[in-house]
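S.K.: Here it is, the structure, as structure tokens.
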Amino acid sequence: MERTLIKDLGEKIGQEVVIKGWVDVRRDHGKLIFIDLRDRSGKVQMVALPNHTEAHTAASTVRPEWVLAVTGLVNKRPEKMVNAGILNGDIELEITGVEVLNESLTPPFSINEDTKLVDENLRMKYKYLDLRSDRMKNNLIMRDKVISFFRDYMHQNGFIEIETPMLMKGTPEGSREYVVPSRIENGKFYALPQSPQQFKQLCMVAGLDRYFQIARCLRDEDSRGDRQPEFTQLDYEMSFVTQEDILQFTETMFIEFVEKVYPTKHISQKPFPRISYHDSLAKYGNDKPDLRQDKNDPNELAFAWIVDFPMFEKDAEGNIGAAHHPFCSIKDEDVDKFMKGEDLFSIRANSYDLVLNGYELSSGSIRIHQADIQKRVFELLGISEEERQAKFGHMLEAFQYGAPPHGGFAPGIDRIIMLMQNEPNIREVIAFPKTGDGKDLLMGSPSVVSKKQLDELGLEIKAKKKE
Ligand code: ASP
């Protein structure tokens, strides 16, 4: 008999069906044995009655997380047993046959409850069990819906999805990059992308006018609460646009996103308020103000634009750096100062952030598309001619072959889903997250590699850092 999904049982009242899934709970009342079975679509209560002897005996042996194929009759529950408001609360499966497809060890934590209170390291080690729980499964289902919405929206608006390389040369996004040693050229390394920034700009030079990608970004940052070494952006770039075009496009997209994917939520202010970086610091003391009217309302969404970011900033060591990245264009009013190299920290870029409920969702900018201006930024950042050529020669060269004016944005998908699902951190909305210090507790990475691999790569480990 063909398998029925548990969510579809309500349509099969009075029929015999086969369902397959995991034992959620078993309640043994001697004569009556109740088992809740769970599959990816939902749960149902089943009952084994003593008159189906074989099935009853089998039902008495099963334990939580065993995998079963159960044959049974879909019965309506008597009126007073109806559990209104939950899936299958009005039906029950009368078990006529049980086939044990696999047994399970006793899980290290119970899955039929919310796993929020379980030690997080334990949840990470047994992620495949954690993901069986309702909340975690639902977060992943919603993640898929969110990504599908954005992908469809992009396609409907004439964007094409282009995959850019994972093995690349370093790109400056303000973090340390992960490097991958080359086997063929010992002593040389690839970098993993901190974002597809340079490639998406090169797509614009290529005339691929509207690019997008659900892009994986990798940044080797020291453990910082909510950060993950890998995260996902809805990365996009357009040519022949102004900052206003990108803000309008993005705002319309987010409003439609909330209406379609999260209709129970409400946006507190439309159009989204716009605040200059300077005013935001002066008024709220930071550049990601939380503008919610009622911070206890889980459905309130307070979006805001922060605009006119400075182009340059001092890093921790007092060196001048790019506040966002060195590809942002300069505001017309500040070009003079920029060319003269005066009062650098007062120079503003055509860059903007989207903020939601006190979190930065995204940064973006109108880019530089002229080689001489791009060179000037590198100059002011103190990057020598030699280093410029070595690191960014390809960009400077590309800009000399008819680079169009362009700009883009890259909202963080994990953060969006975290906020929409009212989760406290992005690990709750990522299928296989890492710990704050970059460990994968399930697979056990990072891990050592064999001497043979090291030899092939021409590498030798000098000394291990103390744990
Ligand atoms: N690449 C930038 C980032 O990752 C986003 C952008 O400027 O489009 O923040």
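Chain labels A, B, ... are given in the sequence in which chains occur in the structure tokens; within each chain residues are numbered consecutively from 1, and ligands are likewise numbered from 1 in the order shown.
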Compute the set of protein, DNA and RNA residues whose minimum atom distance to ligand 1 is at most 10 Å, using only C-alpha atoms and all ligand atoms, and state it as a short mmCIF file (atom, residue, chain, number, x, y, z; two decimals) with N, CA and C atoms, in the first residue's frame.
M.R.:
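Resulting contents of result-v7.cif:
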data_model
loop_
_atom_site.label_atom_id
_atom_site.label_comp_id
_atom_site.auth_asym_id
_atom_site.auth_seq_id
_atom_site.Cartn_x
_atom_site.Cartn_y
_atom_site.Cartn_z
N THR A 171 39.17 38.84 -0.66
CA THR A 171 38.36 40.02 -0.97
C THR A 171 38.18 40.81 0.33
N PRO A 172 38.37 42.11 0.30
CA PRO A 172 38.34 42.85 1.56
C PRO A 172 36.92 43.14 2.03
N GLU A 173 36.49 42.47 3.06
CA GLU A 173 35.18 42.76 3.64
C GLU A 173 35.35 42.99 5.12
N GLY A 174 36.55 43.27 5.50
CA GLY A 174 36.78 43.64 6.89
C GLY A 174 36.98 42.50 7.85
N PRO A 193 35.34 32.88 -0.12
CA PRO A 193 34.75 34.22 -0.24
C PRO A 193 34.14 34.75 1.07
N GLN A 194 34.54 35.94 1.43
CA GLN A 194 33.84 36.63 2.54
C GLN A 194 32.49 37.11 2.03
N SER A 195 32.41 37.33 0.74
CA SER A 195 31.16 37.62 0.05
C SER A 195 31.51 37.60 -1.43
N PRO A 196 30.52 37.53 -2.32
CA PRO A 196 30.85 37.54 -3.75
C PRO A 196 31.09 38.94 -4.29
N GLN A 197 31.41 39.89 -3.42
CA GLN A 197 31.49 41.31 -3.81
C GLN A 197 32.19 41.57 -5.14
N GLN A 198 33.43 41.09 -5.26
CA GLN A 198 34.17 41.42 -6.48
C GLN A 198 33.56 40.74 -7.70
N PHE A 199 33.15 39.48 -7.53
CA PHE A 199 32.57 38.78 -8.69
C PHE A 199 31.26 39.42 -9.13
N LYS A 200 30.46 39.91 -8.14
CA LYS A 200 29.19 40.48 -8.60
C LYS A 200 29.45 41.79 -9.34
N GLN A 201 30.48 42.51 -8.94
CA GLN A 201 30.83 43.73 -9.67
C GLN A 201 31.35 43.37 -11.07
N ALA A 215 23.92 33.42 -1.53
CA ALA A 215 25.37 33.22 -1.49
C ALA A 215 25.86 32.83 -0.11
N CYS A 217 28.72 32.90 2.53
CA CYS A 217 29.87 33.76 2.84
C CYS A 217 30.63 33.14 4.00
N LEU A 218 31.94 33.25 3.96
CA LEU A 218 32.76 32.63 5.01
C LEU A 218 33.71 33.65 5.59
N THR A 232 24.58 33.02 5.12
CA THR A 232 24.00 33.12 3.78
C THR A 232 23.44 34.51 3.53
N GLN A 233 23.74 35.04 2.37
CA GLN A 233 23.20 36.35 2.00
C GLN A 233 22.34 36.23 0.75
N LEU A 234 21.32 37.08 0.68
CA LEU A 234 20.64 37.30 -0.60
C LEU A 234 21.43 38.43 -1.26
N ASP A 235 22.37 38.04 -2.11
CA ASP A 235 23.32 39.00 -2.66
C ASP A 235 22.81 39.49 -4.00
N TYR A 236 22.73 40.79 -4.22
CA TYR A 236 22.31 41.26 -5.55
C TYR A 236 23.02 42.53 -5.96
N GLU A 237 23.01 42.76 -7.25
CA GLU A 237 23.73 43.89 -7.83
C GLU A 237 23.00 44.30 -9.11
N HIS A 324 32.97 50.29 5.10
CA HIS A 324 32.21 49.13 4.62
C HIS A 324 33.15 48.24 3.81
N HIS A 325 33.44 48.60 2.60
CA HIS A 325 34.53 48.00 1.84
C HIS A 325 35.04 49.04 0.86
N PRO A 326 36.20 48.82 0.26
CA PRO A 326 36.82 49.91 -0.52
C PRO A 326 36.18 50.16 -1.88
N PHE A 327 35.08 49.46 -2.19
CA PHE A 327 34.46 49.63 -3.50
C PHE A 327 33.29 50.61 -3.50
N CYS A 328 33.00 51.21 -2.33
CA CYS A 328 31.87 52.15 -2.24
C CYS A 328 32.25 53.48 -2.90
N SER A 351 26.63 54.73 0.75
CA SER A 351 26.37 53.40 1.29
C SER A 351 25.26 53.48 2.33
N TYR A 352 24.58 52.37 2.49
CA TYR A 352 23.35 52.33 3.28
C TYR A 352 23.22 50.98 3.95
N ASP A 353 22.56 50.95 5.07
CA ASP A 353 22.24 49.71 5.79
C ASP A 353 20.74 49.60 5.94
N LEU A 361 20.51 44.22 9.05
CA LEU A 361 20.12 43.13 8.14
C LEU A 361 21.02 43.08 6.94
N SER A 362 21.51 44.27 6.54
CA SER A 362 22.24 44.31 5.28
C SER A 362 23.01 45.60 5.13
N SER A 363 24.09 45.51 4.37
CA SER A 363 24.81 46.71 3.95
C SER A 363 24.89 46.70 2.44
N GLY A 364 25.03 47.88 1.88
CA GLY A 364 25.20 47.95 0.43
C GLY A 364 25.67 49.33 0.05
N SER A 365 25.94 49.48 -1.24
CA SER A 365 26.40 50.79 -1.70
C SER A 365 26.29 50.89 -3.21
N ILE A 366 26.37 52.15 -3.68
CA ILE A 366 26.66 52.39 -5.08
C ILE A 366 28.18 52.31 -5.16
N ARG A 367 28.65 51.60 -6.17
CA ARG A 367 30.10 51.33 -6.22
C ARG A 367 30.83 52.35 -7.07
N GLY A 407 25.45 49.20 -8.39
CA GLY A 407 25.37 49.16 -6.93
C GLY A 407 24.57 47.96 -6.50
N GLY A 408 24.60 47.67 -5.22
CA GLY A 408 23.87 46.48 -4.77
C GLY A 408 23.68 46.42 -3.27
N PHE A 409 23.30 45.23 -2.85
CA PHE A 409 22.89 45.04 -1.47
C PHE A 409 23.01 43.56 -1.14
N ALA A 410 23.00 43.20 0.12
CA ALA A 410 23.14 41.78 0.46
C ALA A 410 22.52 41.46 1.82
N PRO A 411 21.18 41.39 1.89
CA PRO A 411 20.55 41.06 3.17
C PRO A 411 20.93 39.67 3.69
N GLY A 412 21.18 39.59 4.96
CA GLY A 412 21.57 38.33 5.61
C GLY A 412 20.33 37.47 5.84
#
S.K.: Enumerate as a ChimeraX atom specification all residues of stretch 21-195 of chain A assigned to strand (DSSP E or B) by DSSP on the backbone, naming them with the chain letters and numbers the document uses.
M.R.: /A:21-29,32-39,42-48,67-76,91-102,160-161,168,179-181,189-191
S.K.: List as a PyMOL selection string the protein and nucleic acid residues near stretch 435-441 of chain A, meaning an atom at most 12 Å away when only C-alpha atoms are counted, but skip any in the same chain fewer than 4 places from it.
M.R.: chain A and resi 120-128+178+218-230+425-428+430-431+445-447+467
S.K.: Just checking: using only C-alpha atoms, which residue out of A:Arg3, A:Asp39, A:Glu161, A:Leu301 ends up closest to A:Glu259?
M.R.: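 For A:Glu259, the nearest of the candidates is A:Leu301.
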S.K.: Please provide the set of residues having any atom within 9 Å of A:Gln269, restricted to only C-alpha atoms, with same-chain residues fewer than 2 positions apart removed, written as a PDB file with N, CA, C and O atoms, in the first residue's frame.
M.R.:
ATOM      1  N   ILE A 267       4.403  45.789   9.948  1.00  0.00           N
ATOM      2  CA  ILE A 267       5.539  46.712   9.846  1.00  0.00           C
ATOM      3  C   ILE A 267       5.117  48.018  10.492  1.00  0.00           C
ATOM      4  O   ILE A 267       4.085  48.592  10.123  1.00  0.00           O
ATOM      5  N   PRO A 271       6.525  54.473   4.444  1.00  0.00           N
ATOM      6  CA  PRO A 271       7.836  53.951   4.063  1.00  0.00           C
ATOM      7  C   PRO A 271       8.775  53.843   5.268  1.00  0.00           C
ATOM      8  O   PRO A 271       8.586  54.519   6.276  1.00  0.00           O
ATOM      9  N   PHE A 272       9.796  53.001   5.125  1.00  0.00           N
ATOM     10  CA  PHE A 272      10.748  52.823   6.227  1.00  0.00           C
ATOM     11  C   PHE A 272      11.434  54.161   6.513  1.00  0.00           C
ATOM     12  O   PHE A 272      11.833  54.860   5.571  1.00  0.00           O
ATOM     13  N   PRO A 273      11.565  54.520   7.794  1.00  0.00           N
ATOM     14  CA  PRO A 273      12.255  55.775   8.093  1.00  0.00           C
ATOM     15  C   PRO A 273      13.713  55.741   7.604  1.00  0.00           C
ATOM     16  O   PRO A 273      14.317  54.670   7.557  1.00  0.00           O
ATOM     17  N   LEU A 301       7.526  44.680  13.379  1.00  0.00           N
ATOM     18  CA  LEU A 301       8.765  44.777  12.597  1.00  0.00           C
ATOM     19  C   LEU A 301       9.063  46.243  12.344  1.00  0.00           C
ATOM     20  O   LEU A 301       8.288  46.930  11.678  1.00  0.00           O
ATOM     21  N   ALA A 302      10.161  46.713  12.904  1.00  0.00           N
ATOM     22  CA  ALA A 302      10.530  48.121  12.702  1.00  0.00           C
ATOM     23  C   ALA A 302      11.778  48.187  11.825  1.00  0.00           C
ATOM     24  O   ALA A 302      12.907  48.015  12.292  1.00  0.00           O
ATOM     25  N   PHE A 303      11.518  48.381  10.537  1.00  0.00           N
ATOM     26  CA  PHE A 303      12.630  48.529   9.588  1.00  0.00           C
ATOM     27  C   PHE A 303      13.096  49.979   9.605  1.00  0.00           C
ATOM     28  O   PHE A 303      12.307  50.894   9.864  1.00  0.00           O
ATOM     29  N   ALA A 304      14.359  50.204   9.289  1.00  0.00           N
ATOM     30  CA  ALA A 304      14.852  51.577   9.104  1.00  0.00           C
ATOM     31  C   ALA A 304      16.061  51.544   8.182  1.00  0.00           C
ATOM     32  O   ALA A 304      16.828  50.564   8.164  1.00  0.00           O
TER      33      ALA A 304
END
S.K.: So that I can see what lies close to A:Arg348, please list as a list in words the residues with an atom at most 8 Å from it, counting only C-alpha atoms and leaving out residues fewer than 3 positions away in the same chain.
M.R.: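 The contact residues come out as Asp308, Phe309, Pro310, Met311, Ile330, Lys331 and Asp334 of chain A.
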S.K.: Output C-alpha atoms of each residue in that selection to a file, as a JSON list (two decimals), in the first residue's frame.
M.R.:
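Printed below is again.json as written:
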[["chain", "number", "residue", "atom", "x", "y", "z"],
["A", 308, "ASP", "CA", 25.41, 58.34, 4.46],
["A", 309, "PHE", "CA", 27.94, 56.11, 6.17],
["A", 310, "PRO", "CA", 31.48, 57.38, 6.39],
["A", 311, "MET", "CA", 33.82, 56.02, 3.73],
["A", 330, "ILE", "CA", 31.88, 58.80, -2.63],
["A", 331, "LYS", "CA", 28.98, 61.22, -2.16],
["A", 334, "ASP", "CA", 32.50, 65.04, -0.63]]
S.K.: Need the shell around A:Asn157: protein/DNA/RNA residues with any atom at most 9 Å away, counting only C-alpha atoms. Skip same-chain ones fewer than 4 positions apart. Format as a compact mmCIF listing (two decimals) with all heavy atoms, in the first residue's frame?
M.R.:
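Final file, result16.txt:
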# COMPACT_ATOMS: atom_id res chain seq x y z
N ASP A 152 12.14 33.69 -6.10
CA ASP A 152 11.06 33.98 -7.07
C ASP A 152 10.98 35.48 -7.33
O ASP A 152 10.81 35.91 -8.47
CB ASP A 152 9.69 33.52 -6.52
CG ASP A 152 9.59 32.01 -6.48
OD1 ASP A 152 10.47 31.35 -7.06
OD2 ASP A 152 8.64 31.51 -5.84
N TYR A 153 11.08 36.27 -6.26
CA TYR A 153 10.95 37.72 -6.41
C TYR A 153 12.05 38.26 -7.34
O TYR A 153 11.81 39.08 -8.22
CB TYR A 153 11.05 38.40 -5.04
CG TYR A 153 10.59 39.85 -5.06
CD1 TYR A 153 9.26 40.16 -4.83
CD2 TYR A 153 11.48 40.88 -5.33
CE1 TYR A 153 8.81 41.48 -4.87
CE2 TYR A 153 11.06 42.21 -5.37
CZ TYR A 153 9.73 42.49 -5.13
OH TYR A 153 9.30 43.80 -5.16
N ARG A 210 21.45 42.46 -13.99
CA ARG A 210 20.79 42.21 -12.70
C ARG A 210 21.19 40.82 -12.23
O ARG A 210 20.65 39.82 -12.70
CB ARG A 210 19.28 42.32 -12.83
CG ARG A 210 18.81 43.75 -12.96
CD ARG A 210 17.32 43.88 -12.86
NE ARG A 210 16.99 45.25 -12.47
CZ ARG A 210 15.85 45.62 -11.91
NH1 ARG A 210 14.92 44.73 -11.66
NH2 ARG A 210 15.63 46.87 -11.58
S.K.: Considering only C-alpha atoms, return as a ChimeraX atom specification whatever protein or nucleic-acid residues lie within 12 Å of A:Pro424, sequence-local ones (same chain, fewer than 4 positions apart) excluded.
M.R.: /A:116,225-226,298,359,414-420,428-429
S.K.: Generate a file of the selected residues that holds N, CA, C and O atoms, formatted as a PDB file, in the first residue's frame.
M.R.:
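The result, written out as again.pdb:
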ATOM      1  N   LYS A 116      14.781  23.643  23.265  1.00  0.00           N
ATOM      2  CA  LYS A 116      15.411  24.915  23.632  1.00  0.00           C
ATOM      3  C   LYS A 116      16.210  24.845  24.946  1.00  0.00           C
ATOM      4  O   LYS A 116      17.247  25.475  25.079  1.00  0.00           O
ATOM      5  N   GLY A 225      29.419  36.016  19.825  1.00  0.00           N
ATOM      6  CA  GLY A 225      28.029  35.617  20.094  1.00  0.00           C
ATOM      7  C   GLY A 225      27.284  35.049  18.917  1.00  0.00           C
ATOM      8  O   GLY A 225      27.308  33.853  18.658  1.00  0.00           O
ATOM      9  N   ASP A 226      26.666  35.945  18.172  1.00  0.00           N
ATOM     10  CA  ASP A 226      25.699  35.542  17.180  1.00  0.00           C
ATOM     11  C   ASP A 226      26.315  35.208  15.818  1.00  0.00           C
ATOM     12  O   ASP A 226      25.624  34.816  14.899  1.00  0.00           O
ATOM     13  N   PRO A 298       5.764  40.399  19.679  1.00  0.00           N
ATOM     14  CA  PRO A 298       6.622  39.547  18.831  1.00  0.00           C
ATOM     15  C   PRO A 298       6.353  39.723  17.334  1.00  0.00           C
ATOM     16  O   PRO A 298       7.110  39.222  16.510  1.00  0.00           O
ATOM     17  N   TYR A 359      18.739  45.113  14.671  1.00  0.00           N
ATOM     18  CA  TYR A 359      19.777  44.298  14.039  1.00  0.00           C
ATOM     19  C   TYR A 359      20.094  44.845  12.655  1.00  0.00           C
ATOM     20  O   TYR A 359      19.188  45.268  11.940  1.00  0.00           O
ATOM     21  N   ASP A 414      20.061  34.466   7.277  1.00  0.00           N
ATOM     22  CA  ASP A 414      19.929  33.835   8.603  1.00  0.00           C
ATOM     23  C   ASP A 414      19.301  34.802   9.605  1.00  0.00           C
ATOM     24  O   ASP A 414      18.443  34.431  10.392  1.00  0.00           O
ATOM     25  N   ARG A 415      19.754  36.043   9.558  1.00  0.00           N
ATOM     26  CA  ARG A 415      19.213  37.046  10.491  1.00  0.00           C
ATOM     27  C   ARG A 415      17.736  37.301  10.233  1.00  0.00           C
ATOM     28  O   ARG A 415      16.952  37.454  11.167  1.00  0.00           O
ATOM     29  N   ILE A 416      17.383  37.385   8.948  1.00  0.00           N
ATOM     30  CA  ILE A 416      15.973  37.639   8.609  1.00  0.00           C
ATOM     31  C   ILE A 416      15.118  36.531   9.219  1.00  0.00           C
ATOM     32  O   ILE A 416      14.119  36.791   9.906  1.00  0.00           O
ATOM     33  N   ILE A 417      15.533  35.292   9.003  1.00  0.00           N
ATOM     34  CA  ILE A 417      14.716  34.165   9.493  1.00  0.00           C
ATOM     35  C   ILE A 417      14.709  34.142  11.014  1.00  0.00           C
ATOM     36  O   ILE A 417      13.669  33.917  11.645  1.00  0.00           O
ATOM     37  N   MET A 418      15.855  34.416  11.616  1.00  0.00           N
ATOM     38  CA  MET A 418      15.917  34.467  13.086  1.00  0.00           C
ATOM     39  C   MET A 418      14.884  35.448  13.631  1.00  0.00           C
ATOM     40  O   MET A 418      14.124  35.139  14.553  1.00  0.00           O
ATOM     41  N   LEU A 419      14.852  36.644  13.046  1.00  0.00           N
ATOM     42  CA  LEU A 419      13.932  37.671  13.553  1.00  0.00           C
ATOM     43  C   LEU A 419      12.475  37.303  13.278  1.00  0.00           C
ATOM     44  O   LEU A 419      11.609  37.489  14.126  1.00  0.00           O
ATOM     45  N   MET A 420      12.232  36.749  12.114  1.00  0.00           N
ATOM     46  CA  MET A 420      10.854  36.393  11.765  1.00  0.00           C
ATOM     47  C   MET A 420      10.340  35.247  12.634  1.00  0.00           C
ATOM     48  O   MET A 420       9.177  35.191  12.988  1.00  0.00           O
ATOM     49  N   GLU A 428      19.716  28.787  15.614  1.00  0.00           N
ATOM     50  CA  GLU A 428      18.420  28.101  15.669  1.00  0.00           C
ATOM     51  C   GLU A 428      17.758  27.987  14.297  1.00  0.00           C
ATOM     52  O   GLU A 428      16.747  27.310  14.158  1.00  0.00           O
ATOM     53  N   VAL A 429      18.290  28.692  13.310  1.00  0.00           N
ATOM     54  CA  VAL A 429      17.651  28.657  11.989  1.00  0.00           C
ATOM     55  C   VAL A 429      18.618  28.139  10.911  1.00  0.00           C
ATOM     56  O   VAL A 429      18.362  28.267   9.730  1.00  0.00           O
TER      57      VAL A 429
END
